[in-house]
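Asks: Contents of work_20.txt (compact mmCIF, N, CA and C atoms and all ligand atoms) are given next:
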```txt
# COMPACT_ATOMS: atom_id res chain seq x y z
N MET A 1 44.87 161.81 81.94
CA MET A 1 44.37 161.11 83.13
C MET A 1 44.17 159.64 82.80
N PRO A 2 44.70 158.73 83.60
CA PRO A 2 44.52 157.31 83.29
C PRO A 2 43.07 156.90 83.45
N GLY A 3 42.70 155.83 82.79
CA GLY A 3 41.32 155.35 82.95
C GLY A 3 41.19 154.65 84.28
N TYR A 4 40.28 155.14 85.08
CA TYR A 4 40.08 154.50 86.38
C TYR A 4 39.15 153.33 86.24
N LEU A 5 39.51 152.24 86.85
CA LEU A 5 38.68 151.05 86.86
C LEU A 5 37.85 151.10 88.13
N VAL A 6 36.61 151.46 87.98
CA VAL A 6 35.77 151.63 89.16
C VAL A 6 34.76 150.50 89.23
N ASN A 7 34.82 149.77 90.31
CA ASN A 7 33.90 148.64 90.50
C ASN A 7 32.89 148.97 91.56
N PHE A 8 31.65 148.73 91.24
CA PHE A 8 30.61 148.87 92.25
C PHE A 8 30.29 147.48 92.76
N GLY A 9 29.87 147.37 93.99
CA GLY A 9 29.45 146.07 94.50
C GLY A 9 30.40 145.53 95.53
N VAL A 10 30.51 144.23 95.57
CA VAL A 10 31.26 143.55 96.62
C VAL A 10 32.74 143.92 96.58
N THR A 11 33.28 144.26 97.71
CA THR A 11 34.69 144.61 97.82
C THR A 11 35.50 143.38 98.17
N THR A 12 36.43 143.03 97.32
CA THR A 12 37.31 141.92 97.63
C THR A 12 38.67 142.50 98.02
N ALA A 13 39.56 141.66 98.52
CA ALA A 13 40.89 142.13 98.89
C ALA A 13 41.60 142.73 97.68
N LEU A 14 41.43 142.13 96.53
CA LEU A 14 42.08 142.65 95.33
C LEU A 14 41.55 144.03 94.99
N ASP A 15 40.21 144.18 95.08
CA ASP A 15 39.63 145.48 94.80
C ASP A 15 40.19 146.54 95.74
N ARG A 16 40.38 146.14 97.01
CA ARG A 16 40.89 147.11 97.98
C ARG A 16 42.30 147.54 97.60
N LEU A 17 43.13 146.59 97.22
CA LEU A 17 44.49 146.95 96.82
C LEU A 17 44.48 147.83 95.58
N GLU A 18 43.59 147.53 94.65
CA GLU A 18 43.44 148.40 93.47
C GLU A 18 42.99 149.79 93.88
N ALA A 19 42.05 149.83 94.83
CA ALA A 19 41.53 151.11 95.28
C ALA A 19 42.63 151.94 95.94
N ILE A 20 43.53 151.28 96.67
CA ILE A 20 44.65 152.00 97.31
C ILE A 20 45.54 152.65 96.25
N GLU A 21 45.85 151.89 95.20
CA GLU A 21 46.67 152.43 94.12
C GLU A 21 45.96 153.58 93.41
N GLN A 22 44.65 153.39 93.20
CA GLN A 22 43.90 154.40 92.45
C GLN A 22 43.71 155.67 93.25
N ILE A 23 43.48 155.55 94.57
CA ILE A 23 43.29 156.79 95.34
C ILE A 23 44.62 157.53 95.45
N LYS A 24 45.71 156.78 95.46
CA LYS A 24 47.03 157.44 95.49
C LYS A 24 47.21 158.31 94.24
N LEU A 25 46.91 157.75 93.07
CA LEU A 25 47.01 158.51 91.83
C LEU A 25 46.03 159.68 91.81
N PHE A 26 44.83 159.40 92.28
CA PHE A 26 43.77 160.41 92.26
C PHE A 26 44.15 161.63 93.11
N VAL A 27 44.69 161.36 94.29
CA VAL A 27 45.09 162.42 95.21
C VAL A 27 46.20 163.28 94.59
N ILE A 28 47.15 162.63 93.92
CA ILE A 28 48.25 163.37 93.28
C ILE A 28 47.71 164.23 92.14
N GLU A 29 46.87 163.61 91.27
CA GLU A 29 46.41 164.33 90.08
C GLU A 29 45.46 165.48 90.41
N ASN A 30 44.70 165.31 91.47
CA ASN A 30 43.73 166.35 91.83
C ASN A 30 44.22 167.26 92.94
N ASP A 31 45.46 167.04 93.35
CA ASP A 31 46.08 167.88 94.36
C ASP A 31 45.23 167.96 95.64
N LEU A 32 44.86 166.79 96.12
CA LEU A 32 44.08 166.71 97.36
C LEU A 32 45.03 166.58 98.55
N PRO A 33 44.64 166.97 99.73
CA PRO A 33 43.37 167.62 100.03
C PRO A 33 43.38 169.08 99.59
N LYS A 34 42.19 169.63 99.36
CA LYS A 34 42.07 171.03 98.96
C LYS A 34 42.32 171.94 100.15
N THR A 35 42.02 171.45 101.34
CA THR A 35 42.28 172.21 102.57
C THR A 35 43.58 171.67 103.16
N ASP A 36 44.63 172.45 103.04
CA ASP A 36 45.96 171.96 103.40
C ASP A 36 46.26 172.29 104.86
N MET A 37 45.65 171.53 105.73
CA MET A 37 45.81 171.82 107.15
C MET A 37 46.77 170.80 107.76
N GLY A 38 47.84 171.30 108.35
CA GLY A 38 48.86 170.41 108.90
C GLY A 38 48.37 169.66 110.13
N ILE A 39 48.76 168.42 110.22
CA ILE A 39 48.49 167.63 111.42
C ILE A 39 49.86 167.26 111.97
N PHE A 40 50.09 167.57 113.21
CA PHE A 40 51.41 167.27 113.76
C PHE A 40 51.33 166.13 114.75
N GLY A 41 52.39 165.38 114.83
CA GLY A 41 52.46 164.34 115.84
C GLY A 41 51.96 162.98 115.38
N ILE A 42 51.48 162.89 114.12
CA ILE A 42 51.14 161.57 113.58
C ILE A 42 52.24 161.21 112.59
N ARG A 43 52.79 160.03 112.80
CA ARG A 43 53.95 159.61 112.04
C ARG A 43 53.53 158.79 110.83
N CYS A 44 54.14 159.06 109.70
CA CYS A 44 53.84 158.27 108.50
C CYS A 44 54.46 156.89 108.63
N PRO A 45 53.66 155.82 108.49
CA PRO A 45 54.22 154.47 108.62
C PRO A 45 55.14 154.10 107.45
N TYR A 46 55.10 154.85 106.37
CA TYR A 46 55.98 154.54 105.23
C TYR A 46 57.33 155.23 105.35
N CYS A 47 57.32 156.56 105.56
CA CYS A 47 58.59 157.30 105.49
C CYS A 47 59.03 157.85 106.83
N GLY A 48 58.15 157.78 107.86
CA GLY A 48 58.55 158.20 109.20
C GLY A 48 58.45 159.69 109.47
N LYS A 49 58.04 160.50 108.47
CA LYS A 49 57.89 161.94 108.71
C LYS A 49 56.66 162.17 109.59
N SER A 50 56.76 163.14 110.48
CA SER A 50 55.60 163.38 111.35
C SER A 50 55.00 164.76 111.14
N ASP A 51 55.43 165.48 110.11
CA ASP A 51 54.84 166.81 109.87
C ASP A 51 54.27 166.94 108.46
N ARG A 52 54.08 165.82 107.77
CA ARG A 52 53.62 165.89 106.38
C ARG A 52 52.27 165.21 106.17
N ILE A 53 51.63 164.78 107.25
CA ILE A 53 50.36 164.08 107.12
C ILE A 53 49.23 165.09 106.93
N ARG A 54 48.37 164.81 106.00
CA ARG A 54 47.18 165.63 105.78
C ARG A 54 45.96 164.72 105.79
N LYS A 55 44.87 165.28 106.31
CA LYS A 55 43.60 164.57 106.31
C LYS A 55 42.92 164.80 104.97
N LEU A 56 42.41 163.76 104.36
CA LEU A 56 41.66 163.93 103.10
C LEU A 56 40.22 164.31 103.41
N GLU A 57 39.66 165.19 102.59
CA GLU A 57 38.26 165.54 102.76
C GLU A 57 37.38 164.36 102.33
N PRO A 58 36.29 164.11 103.06
CA PRO A 58 35.33 163.15 102.54
C PRO A 58 34.71 163.71 101.26
N PRO A 59 34.24 162.83 100.37
CA PRO A 59 33.76 163.29 99.06
C PRO A 59 32.74 164.42 99.15
N ASP A 60 31.81 164.36 100.10
CA ASP A 60 30.76 165.39 100.12
C ASP A 60 31.29 166.77 100.50
N ALA A 61 32.51 166.83 101.04
CA ALA A 61 33.11 168.14 101.34
C ALA A 61 33.73 168.78 100.09
N LEU A 62 33.77 168.03 98.99
CA LEU A 62 34.41 168.55 97.77
C LEU A 62 33.42 168.88 96.68
N THR A 63 32.15 168.86 97.01
CA THR A 63 31.12 169.20 96.02
C THR A 63 31.42 170.58 95.44
N GLY A 64 31.44 170.65 94.11
CA GLY A 64 31.72 171.92 93.46
C GLY A 64 33.21 172.17 93.22
N ARG A 65 34.06 171.36 93.81
CA ARG A 65 35.50 171.55 93.62
C ARG A 65 36.11 170.50 92.71
N LEU A 66 35.36 169.44 92.46
CA LEU A 66 35.76 168.43 91.48
C LEU A 66 34.62 168.31 90.47
N ASN A 67 34.94 167.91 89.24
CA ASN A 67 33.85 167.72 88.29
C ASN A 67 33.06 166.45 88.64
N ALA A 68 31.92 166.30 88.00
CA ALA A 68 30.99 165.23 88.39
C ALA A 68 31.62 163.85 88.25
N ARG A 69 32.41 163.66 87.21
CA ARG A 69 33.02 162.36 86.99
C ARG A 69 34.05 162.06 88.10
N ASP A 70 34.86 163.06 88.42
CA ASP A 70 35.86 162.87 89.46
C ASP A 70 35.21 162.66 90.83
N MET A 71 34.10 163.35 91.07
CA MET A 71 33.37 163.16 92.32
C MET A 71 32.93 161.70 92.47
N LEU A 72 32.44 161.15 91.36
CA LEU A 72 31.96 159.77 91.39
C LEU A 72 33.13 158.80 91.64
N VAL A 73 34.25 159.05 90.98
CA VAL A 73 35.43 158.20 91.18
C VAL A 73 35.89 158.27 92.63
N TYR A 74 35.97 159.49 93.16
CA TYR A 74 36.47 159.69 94.52
C TYR A 74 35.52 159.06 95.54
N ALA A 75 34.21 159.28 95.35
CA ALA A 75 33.23 158.71 96.28
C ALA A 75 33.30 157.18 96.26
N THR A 76 33.49 156.62 95.08
CA THR A 76 33.55 155.17 94.96
C THR A 76 34.81 154.61 95.64
N LEU A 77 35.93 155.28 95.40
CA LEU A 77 37.18 154.83 96.04
C LEU A 77 37.08 154.97 97.56
N TRP A 78 36.50 156.08 98.02
CA TRP A 78 36.36 156.33 99.46
C TRP A 78 35.54 155.21 100.10
N HIS A 79 34.42 154.89 99.47
CA HIS A 79 33.56 153.86 100.04
C HIS A 79 34.20 152.48 99.97
N GLN A 80 34.99 152.25 98.95
CA GLN A 80 35.68 150.98 98.84
C GLN A 80 36.73 150.84 99.95
N LEU A 81 37.38 151.94 100.28
CA LEU A 81 38.41 151.89 101.33
C LEU A 81 37.79 151.97 102.71
N ASP A 82 36.58 152.51 102.78
CA ASP A 82 35.72 152.36 103.94
C ASP A 82 36.35 152.70 105.28
N PRO A 83 36.70 153.99 105.49
CA PRO A 83 37.25 154.35 106.81
C PRO A 83 36.23 154.04 107.91
N LEU A 84 36.72 153.68 109.08
CA LEU A 84 35.87 153.37 110.22
C LEU A 84 35.28 154.66 110.80
N ASP A 85 34.31 154.50 111.69
CA ASP A 85 33.75 155.69 112.36
C ASP A 85 34.82 156.46 113.11
N VAL A 86 35.81 155.72 113.63
CA VAL A 86 36.85 156.36 114.45
C VAL A 86 38.07 156.77 113.63
N SER A 87 38.03 156.59 112.33
CA SER A 87 39.20 156.92 111.53
C SER A 87 38.79 157.74 110.31
N CYS A 88 39.79 158.22 109.59
CA CYS A 88 39.50 158.91 108.34
C CYS A 88 40.66 158.64 107.40
N LEU A 89 40.47 158.98 106.15
CA LEU A 89 41.54 158.76 105.19
C LEU A 89 42.45 159.99 105.17
N GLY A 90 43.71 159.72 104.95
CA GLY A 90 44.67 160.80 104.88
C GLY A 90 45.74 160.47 103.86
N VAL A 91 46.70 161.36 103.75
CA VAL A 91 47.78 161.15 102.80
C VAL A 91 49.05 161.76 103.40
N CYS A 92 50.17 161.17 103.06
CA CYS A 92 51.45 161.75 103.43
C CYS A 92 51.94 162.57 102.25
N ARG A 93 52.16 163.87 102.44
CA ARG A 93 52.56 164.72 101.32
C ARG A 93 54.05 164.60 101.04
N PHE A 94 54.75 163.83 101.84
CA PHE A 94 56.17 163.61 101.54
C PHE A 94 56.33 162.41 100.61
N CYS A 95 55.76 161.26 101.00
CA CYS A 95 55.92 160.06 100.17
C CYS A 95 54.68 159.76 99.34
N GLN A 96 53.61 160.54 99.50
CA GLN A 96 52.39 160.47 98.70
C GLN A 96 51.54 159.22 98.95
N ASN A 97 51.84 158.48 100.01
CA ASN A 97 51.04 157.29 100.27
C ASN A 97 49.75 157.63 101.00
N PRO A 98 48.63 156.99 100.57
CA PRO A 98 47.38 157.17 101.30
C PRO A 98 47.42 156.39 102.61
N LEU A 99 46.75 156.89 103.63
CA LEU A 99 46.82 156.32 104.98
C LEU A 99 45.44 156.30 105.61
N GLU A 100 45.30 155.50 106.65
CA GLU A 100 44.12 155.59 107.49
C GLU A 100 44.55 156.26 108.79
N LEU A 101 43.91 157.38 109.11
CA LEU A 101 44.31 158.17 110.29
C LEU A 101 43.37 157.90 111.45
N PHE A 102 43.97 157.65 112.60
CA PHE A 102 43.21 157.53 113.84
C PHE A 102 43.55 158.76 114.68
N MET A 103 42.76 159.82 114.49
CA MET A 103 43.10 161.11 115.07
C MET A 103 43.13 161.05 116.60
N ASN A 104 42.16 160.37 117.19
CA ASN A 104 42.08 160.35 118.66
C ASN A 104 43.27 159.64 119.27
N GLU A 105 43.71 158.59 118.61
CA GLU A 105 44.85 157.84 119.14
C GLU A 105 46.17 158.41 118.63
N GLY A 106 46.12 159.30 117.68
CA GLY A 106 47.33 159.93 117.17
C GLY A 106 48.23 159.01 116.39
N HIS A 107 47.63 158.09 115.62
CA HIS A 107 48.49 157.31 114.75
C HIS A 107 47.86 157.03 113.39
N ALA A 108 48.69 156.60 112.47
CA ALA A 108 48.26 156.30 111.11
C ALA A 108 48.62 154.87 110.77
N LYS A 109 47.77 154.24 110.00
CA LYS A 109 48.02 152.88 109.52
C LYS A 109 48.09 152.89 108.00
N THR A 110 48.84 151.95 107.44
CA THR A 110 48.77 151.79 105.99
C THR A 110 47.40 151.21 105.66
N LEU A 111 46.86 151.56 104.52
CA LEU A 111 45.52 151.07 104.18
C LEU A 111 45.50 149.56 103.96
N ASP A 112 46.60 149.01 103.52
CA ASP A 112 46.59 147.55 103.26
C ASP A 112 46.70 146.72 104.55
N GLU A 113 46.96 147.38 105.69
CA GLU A 113 46.89 146.65 106.96
C GLU A 113 45.49 146.19 107.27
N SER A 114 44.50 146.87 106.69
CA SER A 114 43.13 146.52 107.02
C SER A 114 42.43 145.77 105.89
N VAL A 115 43.20 145.15 105.01
CA VAL A 115 42.65 144.40 103.87
C VAL A 115 41.60 143.38 104.32
N ASN A 116 41.89 142.70 105.40
CA ASN A 116 41.02 141.57 105.77
C ASN A 116 39.98 141.87 106.84
N ARG A 117 39.78 143.14 107.13
CA ARG A 117 38.81 143.41 108.17
C ARG A 117 37.37 143.24 107.67
ZN ZN B 1 55.24 159.35 104.21
```
For the file at hand, write its structure as structure tokens.
Replies:
Amino acid sequence: MPGYLVNFGVTTALDRLEAIEQIKLFVIENDLPKTDMGIFGIRCPYCGKSDRIRKLEPPDALTGRLNARDMLVYATLWHQLDPLDVSCLGVCRFCQNPLELFMNEGHAKTLDESVNR
């Protein structure tokens, strides 16, 4: 497992881009999400597939399924990427890219689209 560089505190644009790379690796290595529930009709902005998007569990839904160190890494990355009240984090299981999902509107954004929000 690579050493994760976890920063607490102020989130800068660089930290966010690092967090995107790190959550991508983390999701692959830990085989997330643990609940493999298909979401249909949301298109991946990277590869265009519309049947491979999965919603990632928020960290507190994985208590007991990850070890304490991984929980801390995941919670830190999640908070750094900071999904909005109306969105959640997801992943495309085809191209493995992490995404921000807007379930009500039925679309997904790349996480780096929101770097400057
Ligand atoms: Zn994709």
Asks: Which residues are near ligand ZN 1 (chain B) in this structure, taking near to mean any atom at most 6 Å from a ligand atom and counting only N, CA and C atoms and all ligand atoms? Format them as a tab-separated table (two decimals) with N, CA and C atoms, in the coordinates of the input.
Replies:
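As written to disk, pocket.tsv reads:
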```
chain	number	residue	atom	x	y	z
A	44	CYS	N	54.14	159.06	109.70
A	44	CYS	CA	53.84	158.27	108.50
A	44	CYS	C	54.46	156.89	108.63
A	45	PRO	N	53.66	155.82	108.49
A	45	PRO	CA	54.22	154.47	108.62
A	45	PRO	C	55.14	154.10	107.45
A	46	TYR	N	55.10	154.85	106.37
A	46	TYR	CA	55.98	154.54	105.23
A	46	TYR	C	57.33	155.23	105.35
A	47	CYS	N	57.32	156.56	105.56
A	47	CYS	CA	58.59	157.30	105.49
A	47	CYS	C	59.03	157.85	106.83
A	48	GLY	N	58.15	157.78	107.86
A	48	GLY	CA	58.55	158.20	109.20
A	48	GLY	C	58.45	159.69	109.47
A	49	LYS	N	58.04	160.50	108.47
A	49	LYS	CA	57.89	161.94	108.71
A	49	LYS	C	56.66	162.17	109.59
A	92	CYS	N	50.17	161.17	103.06
A	92	CYS	CA	51.45	161.75	103.43
A	92	CYS	C	51.94	162.57	102.25
A	93	ARG	N	52.16	163.87	102.44
A	93	ARG	CA	52.56	164.72	101.32
A	93	ARG	C	54.05	164.60	101.04
A	94	PHE	N	54.75	163.83	101.84
A	94	PHE	CA	56.17	163.61	101.54
A	94	PHE	C	56.33	162.41	100.61
A	95	CYS	N	55.76	161.26	101.00
A	95	CYS	CA	55.92	160.06	100.17
A	95	CYS	C	54.68	159.76	99.34
A	96	GLN	N	53.61	160.54	99.50
A	96	GLN	CA	52.39	160.47	98.70
A	96	GLN	C	51.54	159.22	98.95
A	97	ASN	N	51.84	158.48	100.01
A	97	ASN	CA	51.04	157.29	100.27
A	97	ASN	C	49.75	157.63	101.00
```
Asks: When you look at Asp51 in chain A with a cut-off of 6 Å (counting all atoms listed in the file), what residues show up, excluding the ones that are within fewer than 3 positions of it in the same chain? I need them as a ChimeraX atom specification.
Replies: /A:39-42
Asks: Which residue, A:Arg69, A:His79, A:Arg43, A:Thr63, has the smallest gap to Met103 in chain A when you use only C-alpha atoms?
Replies: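 Smallest distance to Met103 in chain A is found for A:Arg43.
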Asks: Return as a list of chain:residue names the full set of residues in chain A whose backbone-based DSSP assignment is strand (DSSP E).
Replies: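 Matching residues, listed in order: A:Ile53, A:Arg54, A:Lys55, A:Cys88, A:Leu89, A:Gly90, A:Val91, A:Cys92, A:Pro98, A:Leu99, A:Glu100, A:Leu101, A:Phe102, A:His107, A:Ala108, A:Lys109, A:Thr110.
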Asks: Looking at A:Asp85, A:Pro59, A:Trp78, A:Gly106, which one is nearest to Lys24 in chain A, with distances taken over only C-alpha atoms?
Replies: A:Trp78
Asks: Per DSSP on the backbone, what are the helix (DSSP H, G or I) residues of chain A, as number ranges by chain?
Replies: A: 13-29, 59-62, 68-81, 111-114
Asks: To one decimal place, how far is CA of Met37 in chain A from CA of Ile53 in chain A in Å?
Replies: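 Here the two named atoms are 9.0 Å from each other.
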Asks: Which distance in Å separates CA of Asn67 in chain A and CA of Lys55 in chain A, to one decimal?
Replies: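 Going from CA of Asn67 in chain A over to CA of Lys55 in chain A covers 20.7 Å.
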Asks: Grab the CA of Arg16 in chain A to CA of Leu66 in chain A distance for me, in Å with one decimal place.
Replies: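 Those two atoms sit 22.9 Å apart.
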Asks: Using only the atoms of range 55-68 of chain A listed in the file, plus 3 Å on each side, state the axis-aligned box centre and edge lengths in Å rounded to one decimal, as JSON.
Replies:
```
{"center_x": 37.8, "center_y": 167.5, "center_z": 97.2, "size_x": 20.1, "size_y": 15.3, "size_z": 24.3}
```
Asks: Which one is closest to Pro98 in chain A: A:Arg54, A:Leu111, A:Asp15, A:Gln80? Count all atoms listed in the file.
Replies: A:Leu111
Asks: Could you tell me which of A:Leu101, A:Leu81, A:Ala108, A:Ala75 comes closest to Pro58 in chain A if we count only C-alpha atoms?
Replies: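 Result for the nearest residue to Pro58 in chain A: A:Ala75.
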